[in-house]
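Have a look at run.cif below; it lists mmCIF, C-alpha atoms.
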data_final
loop_
_atom_site.label_atom_id
_atom_site.label_comp_id
_atom_site.auth_asym_id
_atom_site.auth_seq_id
_atom_site.Cartn_x
_atom_site.Cartn_y
_atom_site.Cartn_z
CA MET A 803 181.25 135.88 113.03
CA ARG A 804 180.91 132.29 114.17
CA ILE A 805 177.65 130.39 113.79
CA SER A 806 177.04 130.71 117.55
CA GLU A 807 177.12 134.51 117.33
CA LEU A 808 174.94 134.47 114.19
CA SER A 809 172.48 132.28 116.09
CA ASP A 810 172.49 134.57 119.14
CA ARG A 811 172.01 137.75 117.13
CA SER A 812 169.31 136.35 114.82
CA GLY A 813 167.45 134.19 117.34
CA VAL A 814 167.63 131.32 114.83
CA SER A 815 169.09 128.01 116.04
CA ALA A 816 172.37 126.76 114.55
CA ALA A 817 170.52 123.70 113.25
CA SER A 818 168.03 125.91 111.36
CA ILE A 819 170.85 128.07 109.97
CA LYS A 820 172.53 124.94 108.57
CA TYR A 821 169.20 123.72 107.21
CA TYR A 822 168.52 127.02 105.39
CA ALA A 823 172.03 126.90 103.92
CA ARG A 824 171.49 123.31 102.69
CA GLU A 825 168.13 124.26 101.13
CA GLY A 826 169.68 127.23 99.35
CA LEU A 827 167.85 129.99 101.26
CA LEU A 828 171.05 131.26 102.87
CA PRO A 829 174.45 131.49 101.11
CA ALA A 830 177.05 129.21 102.67
CA GLY A 831 179.44 130.81 105.14
CA GLU A 832 183.15 131.02 104.42
CA ARG A 833 185.15 128.02 105.60
CA THR A 834 188.04 129.37 107.67
CA GLY A 835 189.37 126.17 109.16
CA TYR A 836 188.51 122.67 110.23
CA ASN A 837 184.90 122.64 111.43
CA GLN A 838 184.78 126.44 111.48
CA THR A 839 182.77 128.78 109.24
CA ASP A 840 182.63 132.54 109.13
CA TYR A 841 179.38 134.46 108.58
CA SER A 842 178.90 138.14 107.72
CA GLU A 843 176.35 140.88 108.43
CA ALA A 844 174.76 139.98 105.09
CA HIS A 845 173.99 136.52 106.47
CA LEU A 846 172.33 138.10 109.49
CA GLU A 847 170.18 140.32 107.27
CA ARG A 848 169.21 137.39 105.08
CA LEU A 849 168.22 135.35 108.14
CA ARG A 850 165.94 138.18 109.30
CA LEU A 851 164.29 138.22 105.88
CA ILE A 852 163.87 134.42 105.91
CA ARG A 853 162.28 134.43 109.36
CA SER A 854 159.94 137.30 108.49
CA LEU A 855 158.66 135.43 105.46
CA ILE A 856 158.23 132.16 107.39
CA ASP A 857 157.11 133.32 110.85
CA VAL A 858 155.06 136.40 109.97
CA GLY A 859 154.19 135.78 106.33
CA GLY A 860 153.33 132.13 106.93
CA LEU A 861 155.29 130.86 103.91
CA THR A 862 156.66 127.34 103.79
CA VAL A 863 160.43 126.83 103.53
CA ALA A 864 159.97 125.72 99.91
CA ALA A 865 157.96 128.84 99.00
CA THR A 866 160.54 131.02 100.77
CA ALA A 867 163.30 129.38 98.70
CA ARG A 868 161.44 130.17 95.46
CA VAL A 869 160.82 133.77 96.46
CA LEU A 870 164.43 134.35 97.54
CA SER A 871 165.80 132.84 94.36
CA ALA A 872 163.72 135.41 92.43
CA VAL A 873 165.18 138.17 94.63
CA ASP A 874 168.70 136.87 93.95
CA ASP A 875 168.33 136.58 90.16
CA PRO A 876 169.75 139.87 88.84
CA GLY A 877 168.26 139.29 85.37
CA LEU A 878 164.67 138.90 86.58
CA PRO A 879 162.51 142.02 86.03
CA LEU A 880 160.97 143.40 89.22
CA GLN A 881 157.46 142.82 87.91
CA GLU A 882 158.27 139.13 87.69
CA VAL A 883 159.65 139.16 91.22
CA MET A 884 156.24 140.44 92.29
CA GLY A 885 154.61 137.60 90.35
CA VAL A 886 156.71 135.03 92.18
CA ALA A 887 155.89 136.64 95.54
CA GLN A 888 152.20 136.64 94.62
CA SER A 889 152.21 132.95 93.77
CA ALA A 890 153.78 132.09 97.13
CA LEU A 891 150.22 132.05 98.49
CA PRO A 892 149.59 128.54 99.78
CA GLN A 893 148.11 126.51 96.92
CA ARG A 894 144.87 124.71 97.70
CA ILE A 895 144.72 120.96 97.34
CA ALA A 896 141.66 120.81 95.10
CA PRO A 897 141.38 122.91 91.93
CA PRO A 898 138.50 125.41 92.03
CA THR A 899 135.29 124.72 90.09
CA ALA A 900 134.87 126.36 86.68
CA ASP A 901 131.78 128.11 88.01
CA SER A 902 133.66 129.88 90.82
CA VAL A 903 136.52 130.79 88.50
CA ARG A 904 134.01 132.39 86.14
CA ARG A 905 132.41 134.36 89.00
CA VAL A 906 135.79 135.79 90.01
CA GLU A 907 136.62 136.60 86.38
CA GLU A 908 133.30 138.42 86.01
CA LEU A 909 133.96 140.39 89.18
CA ALA A 910 137.43 141.28 87.87
CA ALA A 911 136.00 142.40 84.53
CA ALA A 912 133.49 144.61 86.34
CA HIS A 913 136.46 146.32 88.04
CA GLY A 914 138.33 146.73 84.78
CA TRP A 915 140.93 144.16 85.88
CA CYS A 916 142.48 141.87 83.28
CA THR A 917 142.95 138.24 84.28
CA HIS A 918 144.62 135.43 82.41
CA HIS A 919 143.82 131.75 82.14
CA GLY A 920 145.09 129.80 85.16
CA ASP A 921 145.90 132.96 87.18
CA PRO A 922 146.78 131.66 90.70
CA ALA A 923 145.17 134.74 92.27
CA VAL A 924 141.87 133.99 90.54
CA ARG A 925 142.14 130.35 91.62
CA ALA A 926 142.80 131.35 95.24
CA ALA A 927 139.71 133.58 95.33
CA ALA A 928 137.60 130.97 93.51
CA ALA A 929 138.62 128.30 96.04
CA VAL A 930 137.09 130.44 98.79
CA LEU A 931 133.79 130.73 96.87
CA ASP A 932 133.82 126.94 96.54
CA ALA A 933 134.37 126.61 100.27
CA TYR A 934 131.40 128.93 100.97
CA ALA A 935 129.27 126.75 98.68
CA ALA A 936 130.54 123.49 100.21
CA VAL A 937 129.26 124.53 103.64
CA GLY A 938 126.00 125.83 102.18
CA ARG A 939 126.84 129.53 102.72
CA ASP A 940 126.79 130.75 99.15
CA ASP A 941 125.23 133.96 100.47
CA LEU A 942 128.63 134.99 101.89
CA ALA A 943 129.71 135.76 98.32
CA ALA A 944 127.71 138.98 98.78
CA VAL A 945 130.91 140.51 100.18
CA LEU A 946 132.64 140.32 96.77
CA PRO A 947 131.99 143.87 95.45
CA ALA A 948 133.13 145.52 98.69
CA TYR A 949 136.19 143.26 98.89
CA ALA A 950 137.11 144.18 95.33
CA ARG A 951 136.90 147.90 96.15
CA ALA A 952 139.09 147.29 99.21
CA ALA A 953 141.57 145.30 97.08
CA ASP A 954 141.85 148.28 94.73
CA LEU A 955 142.67 150.64 97.62
CA VAL A 956 145.26 148.22 98.97
CA ALA A 957 146.90 147.53 95.61
CA GLU A 958 147.29 151.25 94.92
CA ALA A 959 148.97 151.69 98.31
CA ASP A 960 151.16 148.63 97.66
CA LEU A 961 152.37 149.99 94.35
CA ASP A 962 152.91 153.44 95.85
CA ALA A 963 155.09 151.90 98.56
CA VAL A 964 157.15 149.68 96.27
CA GLY A 965 156.89 152.07 93.33
CA ALA A 966 159.32 154.57 94.80
CA SER A 967 161.89 151.77 95.17
CA VAL A 968 161.17 150.41 91.67
CA ASP A 969 161.70 153.87 90.18
CA ALA A 970 164.93 154.25 92.16
CA ALA A 971 166.15 150.83 90.96
CA ARG A 972 165.45 151.76 87.32
CA ALA A 973 167.43 154.96 87.85
CA GLY A 974 170.39 152.80 88.85
CA GLY A 975 169.51 152.10 92.49
CA ASP A 976 169.95 148.86 94.37
CA ARG A 977 167.94 146.19 92.52
CA GLU A 978 168.24 143.60 95.31
CA ALA A 979 166.91 145.97 97.98
CA THR A 980 163.97 146.80 95.72
CA ALA A 981 163.24 143.14 95.05
CA GLN A 982 163.22 142.53 98.82
CA THR A 983 160.77 145.39 99.31
CA VAL A 984 158.47 143.91 96.69
CA VAL A 985 158.57 140.46 98.30
CA ILE A 986 158.12 141.65 101.87
CA GLY A 987 155.33 144.05 100.94
CA THR A 988 153.44 141.42 98.97
CA VAL A 989 153.79 138.52 101.41
CA LEU A 990 153.44 140.37 104.73
CA GLY A 991 150.75 142.78 103.53
CA ASP A 992 148.16 139.99 103.77
CA GLN A 993 148.87 139.58 107.47
CA LEU A 994 148.78 143.31 108.12
CA LEU A 995 145.43 143.56 106.37
CA ALA A 996 144.10 140.52 108.29
CA GLY A 997 145.00 142.17 111.60
CA LEU A 998 143.42 145.52 110.68
CA ARG A 999 140.32 143.76 109.33
CA ARG A 1000 139.80 142.17 112.75
CA ILE A 1001 140.16 145.47 114.61
CA ALA A 1002 137.64 147.02 112.21
CA GLN A 1003 135.25 144.04 112.57
CA GLN A 1004 135.25 144.37 116.36
CA ASN A 1005 134.32 148.01 116.04
CA VAL A 1006 131.62 147.56 113.42
CA ALA A 1007 130.16 144.73 115.56
CA SER A 1008 130.23 146.90 118.70
CA ARG A 1009 128.54 149.74 116.87
CA ARG A 1010 125.80 147.46 115.56
CA TYR A 1011 125.29 145.08 118.48
CA GLY A 1012 126.72 146.93 121.46
CA PRO A 1013 129.94 146.16 123.32
CA PRO A 1014 130.97 142.51 123.74
CA PRO A 1015 129.87 140.76 126.96
CA GLU A 1016 131.86 141.60 130.11
CA GLY A 1017 135.16 139.86 130.65
CA THR A 1018 135.54 138.48 127.13
CA SER A 1019 137.49 141.25 125.53
CA SER A 1020 140.98 140.50 126.73
CA MET B 260 126.50 105.42 106.18
CA ARG B 261 129.71 103.48 106.75
CA ILE B 262 133.05 105.24 107.17
CA SER B 263 134.06 104.15 103.63
CA GLU B 264 131.07 105.98 102.13
CA LEU B 265 131.68 109.03 104.33
CA SER B 266 135.27 109.03 103.12
CA ASP B 267 134.25 108.71 99.44
CA ARG B 268 131.67 111.47 99.65
CA SER B 269 133.82 113.91 101.63
CA GLY B 270 137.16 113.16 100.00
CA VAL B 271 138.65 112.82 103.51
CA SER B 272 140.56 109.61 104.29
CA ALA B 273 139.19 107.22 106.90
CA ALA B 274 142.34 107.80 108.97
CA SER B 275 141.72 111.56 109.01
CA ILE B 276 138.05 111.04 109.90
CA LYS B 277 139.07 108.94 112.90
CA TYR B 278 141.70 111.50 113.85
CA TYR B 279 139.19 114.38 113.77
CA ALA B 280 136.81 112.32 115.92
CA ARG B 281 139.57 111.61 118.46
CA GLU B 282 140.52 115.30 118.59
CA GLY B 283 136.91 116.35 119.16
CA LEU B 284 136.38 118.15 115.82
CA LEU B 285 133.84 115.58 114.63
CA PRO B 286 131.20 113.91 116.83
CA ALA B 287 131.71 110.16 117.13
CA GLY B 288 129.60 107.98 114.85
CA GLU B 289 127.02 105.57 116.23
CA ARG B 290 128.35 102.10 117.03
CA THR B 291 126.07 99.63 115.29
CA GLY B 292 128.04 96.44 115.74
CA TYR B 293 131.45 94.96 116.25
CA ASN B 294 133.96 97.14 114.39
CA GLN B 295 131.18 99.02 112.60
CA THR B 296 130.09 102.63 112.99
CA ASP B 297 127.30 104.58 111.37
CA TYR B 298 127.68 108.19 110.20
CA SER B 299 124.97 110.66 109.17
CA GLU B 300 124.61 113.56 106.73
CA ALA B 301 125.47 115.86 109.65
CA HIS B 302 128.89 114.18 109.82
CA LEU B 303 129.41 114.82 106.13
CA GLU B 304 128.51 118.52 106.54
CA ARG B 305 130.81 118.85 109.52
CA LEU B 306 133.67 117.27 107.56
CA ARG B 307 133.18 119.82 104.77
CA LEU B 308 133.34 122.63 107.31
CA ILE B 309 136.51 121.17 108.88
CA ARG B 310 138.26 120.83 105.54
CA SER B 311 137.30 124.33 104.45
CA LEU B 312 138.79 125.79 107.62
CA ILE B 313 141.99 123.73 107.32
CA ASP B 314 142.58 123.56 103.55
CA VAL B 315 141.28 126.94 102.44
CA GLY B 316 141.43 128.95 105.66
CA GLY B 317 144.86 127.63 106.58
CA LEU B 318 143.93 126.90 110.22
CA THR B 319 145.77 124.27 112.24
CA VAL B 320 143.80 121.28 113.56
CA ALA B 321 144.08 122.74 117.07
CA ALA B 322 142.72 126.14 115.99
CA THR B 323 139.91 124.40 114.08
CA ALA B 324 138.99 122.48 117.24
CA ARG B 325 138.78 125.71 119.26
CA VAL B 326 136.64 127.43 116.62
CA LEU B 327 134.25 124.46 116.28
CA SER B 328 133.83 124.15 120.01
CA ALA B 329 132.71 127.80 120.03
CA VAL B 330 130.24 127.01 117.23
CA ASP B 331 128.93 124.03 119.23
CA ASP B 332 128.48 125.88 122.54
CA PRO B 333 124.80 126.94 122.53
CA GLY B 334 125.36 129.35 125.44
CA LEU B 335 128.11 131.36 123.75
CA PRO B 336 126.92 134.71 122.31
CA LEU B 337 127.55 135.08 118.58
CA GLN B 338 129.82 138.07 119.16
CA GLU B 339 132.09 135.82 121.20
CA VAL B 340 132.04 133.20 118.44
CA MET B 341 133.39 135.92 116.16
CA GLY B 342 136.09 136.70 118.74
CA VAL B 343 137.18 133.06 118.81
CA ALA B 344 137.25 132.92 114.99
CA GLN B 345 139.28 136.15 114.93
CA SER B 346 141.88 134.79 117.32
CA ALA B 347 142.36 131.66 115.20
CA LEU B 348 144.87 133.74 113.19
CA PRO B 349 148.20 131.95 113.53
CA GLN B 350 149.99 133.43 116.55
CA ARG B 351 153.51 134.69 115.93
CA ILE B 352 156.37 133.21 117.88
CA ALA B 353 157.82 136.49 119.15
CA PRO B 354 155.65 139.10 120.89
CA PRO B 355 155.54 142.43 119.00
CA THR B 356 157.55 145.42 120.25
CA ALA B 357 155.79 148.05 122.36
CA ASP B 358 156.63 150.63 119.71
CA SER B 359 154.80 148.77 116.92
CA VAL B 360 151.82 148.06 119.18
CA ARG B 361 151.61 151.80 119.90
CA ARG B 362 151.71 152.65 116.19
CA VAL B 363 148.82 150.29 115.46
CA GLU B 364 146.86 151.65 118.43
CA GLU B 365 147.39 155.21 117.17
CA LEU B 366 146.23 154.22 113.70
CA ALA B 367 143.15 152.57 115.23
CA ALA B 368 142.39 155.67 117.29
CA ALA B 369 142.65 157.82 114.14
CA HIS B 370 139.94 155.61 112.60
CA GLY B 371 137.74 155.81 115.67
CA TRP B 372 138.38 152.15 116.48
CA CYS B 373 138.58 151.06 120.10
CA THR B 374 141.29 148.54 120.98
CA HIS B 375 142.00 146.80 124.24
CA HIS B 376 145.20 145.77 125.93
CA GLY B 377 146.60 142.55 124.48
CA ASP B 378 144.18 142.53 121.51
CA PRO B 379 145.45 139.66 119.26
CA ALA B 380 144.45 141.64 116.15
CA VAL B 381 146.62 144.58 117.22
CA ARG B 382 149.47 142.20 117.99
CA ALA B 383 149.16 140.52 114.57
CA ALA B 384 149.34 143.89 112.78
CA ALA B 385 152.20 145.08 115.03
CA ALA B 386 154.20 141.90 114.27
CA VAL B 387 154.13 142.85 110.58
CA LEU B 388 155.46 146.35 111.33
CA ASP B 389 158.26 144.70 113.34
CA ALA B 390 159.04 142.45 110.38
CA TYR B 391 159.23 145.49 108.06
CA ALA B 392 161.65 147.11 110.51
CA ALA B 393 163.72 143.93 110.94
CA VAL B 394 164.49 143.85 107.22
CA GLY B 395 165.15 147.59 107.13
CA ARG B 396 161.96 148.44 105.21
CA ASP B 397 160.25 150.67 107.74
CA ASP B 398 159.05 152.78 104.80
CA LEU B 399 156.52 150.04 103.89
CA ALA B 400 154.46 151.18 106.89
CA ALA B 401 153.34 154.02 104.59
CA VAL B 402 150.56 151.67 103.44
CA LEU B 403 148.86 151.80 106.87
CA PRO B 404 146.25 154.55 106.27
CA ALA B 405 145.06 153.00 102.98
CA TYR B 406 144.96 149.53 104.54
CA ALA B 407 142.88 150.86 107.41
CA ARG B 408 140.36 152.40 105.00
CA ALA B 409 140.21 149.08 103.13
CA ALA B 410 139.72 147.21 106.43
CA ASP B 411 136.76 149.45 107.20
CA LEU B 412 135.13 148.65 103.84
CA VAL B 413 135.71 144.93 104.35
CA ALA B 414 134.44 144.87 107.93
CA GLU B 415 131.22 146.64 106.96
CA ALA B 416 130.64 144.03 104.23
CA ASP B 417 131.50 141.22 106.67
CA LEU B 418 128.97 142.42 109.19
CA ASP B 419 126.35 142.97 106.47
CA ALA B 420 126.81 139.36 105.35
CA VAL B 421 126.71 137.80 108.79
CA GLY B 422 124.35 140.44 110.18
CA ALA B 423 121.34 139.09 108.34
CA SER B 424 121.99 135.65 109.88
CA VAL B 425 122.61 137.13 113.33
CA ASP B 426 119.33 139.02 113.20
CA ALA B 427 117.55 135.84 112.06
CA ALA B 428 119.12 133.85 114.92
CA ARG B 429 117.98 136.47 117.47
CA ALA B 430 114.47 136.20 116.04
CA GLY B 431 114.56 132.48 116.85
CA GLY B 432 116.49 131.19 113.85
CA ASP B 433 119.15 128.50 113.78
CA ARG B 434 121.97 129.62 116.07
CA GLU B 435 124.39 126.92 114.93
CA ALA B 436 124.03 127.83 111.24
CA THR B 437 124.65 131.47 112.12
CA ALA B 438 127.72 130.60 114.18
CA GLN B 439 129.08 128.66 111.20
CA THR B 440 128.51 131.64 108.92
CA VAL B 441 130.42 133.88 111.33
CA VAL B 442 133.34 131.45 111.50
CA ILE B 443 133.55 130.74 107.78
CA GLY B 444 133.22 134.41 106.86
CA THR B 445 135.91 135.47 109.31
CA VAL B 446 138.46 132.77 108.57
CA LEU B 447 138.04 132.42 104.80
CA GLY B 448 137.55 136.12 104.13
CA ASP B 449 141.30 136.68 104.58
CA GLN B 450 142.04 134.29 101.73
CA LEU B 451 139.41 135.82 99.47
CA LEU B 452 140.85 139.27 100.09
CA ALA B 453 144.40 138.00 99.49
CA GLY B 454 143.38 136.60 96.09
CA LEU B 455 141.58 139.79 95.04
CA ARG B 456 144.50 141.93 96.27
CA ARG B 457 146.81 140.05 93.88
CA ILE B 458 144.51 140.50 90.89
CA ALA B 459 144.31 144.22 91.69
CA GLN B 460 148.10 144.47 92.15
CA GLN B 461 148.73 142.93 88.75
CA ASN B 462 146.46 145.48 87.17
CA VAL B 463 147.82 148.50 89.01
CA ALA B 464 151.35 147.32 88.09
CA SER B 465 150.40 146.88 84.42
CA ARG B 466 148.84 150.33 84.35
CA ARG B 467 151.92 151.92 85.87
CA TYR B 468 154.71 149.91 84.27
CA GLY B 469 153.13 148.35 81.20
CA PRO B 470 152.21 144.68 80.70
CA PRO B 471 154.47 142.01 82.25
CA PRO B 472 157.24 140.63 79.99
CA GLU B 473 156.14 138.10 77.34
CA GLY B 474 155.63 134.52 78.42
CA THR B 475 155.60 135.16 82.15
CA SER B 476 151.92 135.71 82.73
CA SER B 477 150.59 132.18 82.73
#
Would you mind writing the file out in structure tokens?
Amino acid sequence: MRISELSDRSGVSAASIKYYAREGLLPAGERTGYNQTDYSEAHLERLRLIRSLIDVGGLTVAATARVLSAVDDPGLPLQEVMGVAQSALPQRIAPPTADSVRRVEELAAAHGWCTHHGDPAVRAAAAVLDAYAAVGRDDLAAVLPAYARAADLVAEADLDAVGASVDAARAGGDREATAQTVVIGTVLGDQLLAGLRRIAQQNVASRRYGPPPEGTSS
Amino acid sequence: MRISELSDRSGVSAASIKYYAREGLLPAGERTGYNQTDYSEAHLERLRLIRSLIDVGGLTVAATARVLSAVDDPGLPLQEVMGVAQSALPQRIAPPTADSVRRVEELAAAHGWCTHHGDPAVRAAAAVLDAYAAVGRDDLAAVLPAYARAADLVAEADLDAVGASVDAARAGGDREATAQTVVIGTVLGDQLLAGLRRIAQQNVASRRYGPPPEGTSS
């Protein structure tokens, strides 16, 4: 198909399509003549994946490029693909304090989780503890044990969902489809959980404090 | 203090301080002479709150302005402050499909959660289901029941943490401090949970598939 049709069907502007191709997120189309390029259904699928990661997952274009290059590398084990997807979390500007890192490591140890030095996931959690402290709300760290239990529930479900694909890929299934599942599940799961957390918060708040004031709930 | 000292102590550039003041995030300093303005400790605290919401919470400047104006409005009930903080989630470009909205509403009903028409939290969760479908991974929606149980755990902990402050504010405590707690806990909690989810994922993956390949874990 021409770029105009690809743009219509994907909802992505021709300028963005060309930009993603230049940045290596999207394979180049096939040149079929002067100023004319042909795109396939695979390009359309890739564009949908790109836009999901950027629009819904909140990744930057650079982070999306890193994640997709892990998906595209046939020699990369799926567990490493998950690692790349995990580290696509926006990195904070300031490094976390040693004190907060230690608190997260202690929490992890209490849950039987191994962590390694410089783990970006530990740093991300520690940066939040620093932010609580910076605004004088250290007491908010009281949520940690319950959050860790919730993280366990979620991680088990995550691995159940991608595990079936991983097993299929090991048995000779489609490695690229599995890698996509891993990436999408890891990146978009945060947003799904954030949405459900808000619905649950509204309901716990209503139960404890009564319904919200008239006219504010829509 | 002068703007140079405020900048040194907060780590925020003078240009950004002036920008936040223009956009209404930060109260103006006191003019004490020609081309000279005086800032207080309250300005420093406010700057720390602003940077936590933007750098760690990932809010835009516009969303931060909306959230802070809710914190600053003494007539706004705390439950509404929470609503404003909840809706600071980045809004997706495309509205979710009716089908995905219905699936989230059904899940909510199964958990005894009330939802209302147009609820931004429902829309955020539904947008993720649409993204799963758009990349042909509808099967990832299998995580929904476990995510909902995790959201319940997290929301109870959230309300426990802010609840003590809310009760204190009702008993004549500091409403503004409580409103800040609500905002920080709501916005930054997502990032804390995302970090812990990744630590848990690594450990569930190691348990199921063995340790990650040599040399990739740091």
For this session: Would you kindly return, as a list in words, each protein, DNA or RNA residue with an atom no farther than 7 Å from any atom of stretch 337-348 of chain B, considering only C-alpha atoms and excluding same-chain residues fewer than 6 positions away?
Result: Arg1000 and Pro1014 of chain A; Ala322, Val326, Ala329, Val330, Pro379, Ala438, Val441, Val442, Thr445 and Val446 of chain B
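With all atoms listed in the file as the atoms that count, the minimum distance from B:Gly444 to the choices B:Ser465, B:Ser359, B:Ser263, B:Ser424 is reached by B:Ser424.
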Problem set entry | Distance query B:Asp389 at most 10 Å, all atoms listed in the file, self and fewer than 2 positions along chain excluded, as a ChimeraX atom specification | /A:854,858 /B:354-360,384-387,391-397,400
Exercise. Rounded to one decimal in Å, what is the spacing between atom CA of B:Arg434 and atom CA of B:Pro333?
Worked result: 7.5 Å
For this session: Give as JSON, numbers by chain every residue of chain B that touches chain A within 6 Å, counting all atoms listed in the file.
Result: {"B": [308, 311, 372, 380, 383, 384, 387, 390, 394, 399, 402, 406, 409, 410, 411, 413, 414, 416, 420, 451, 454, 455, 456, 457, 458, 459, 460, 462]}
Problem set entry | Shell of 12 Å around A:Asp810, only C-alpha atoms, local chain residues under 5 positions omitted, as a PyMOL selection string | chain A and resi 803-805+815-816+819+846+849
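Between atom CA of A:Asp875 and atom CA of A:Gly831 the interatomic distance comes to 19.5 Å.
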Problem set entry | Nearest candidate to B:Ala301 (options B:Ile313, B:Ala274, B:Ala324, B:Leu265; using only C-alpha atoms) | B:Leu265
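Taking atom CA of B:Thr323 and atom CA of B:Gly283 as the two end points, the separation is 10.0 Å.
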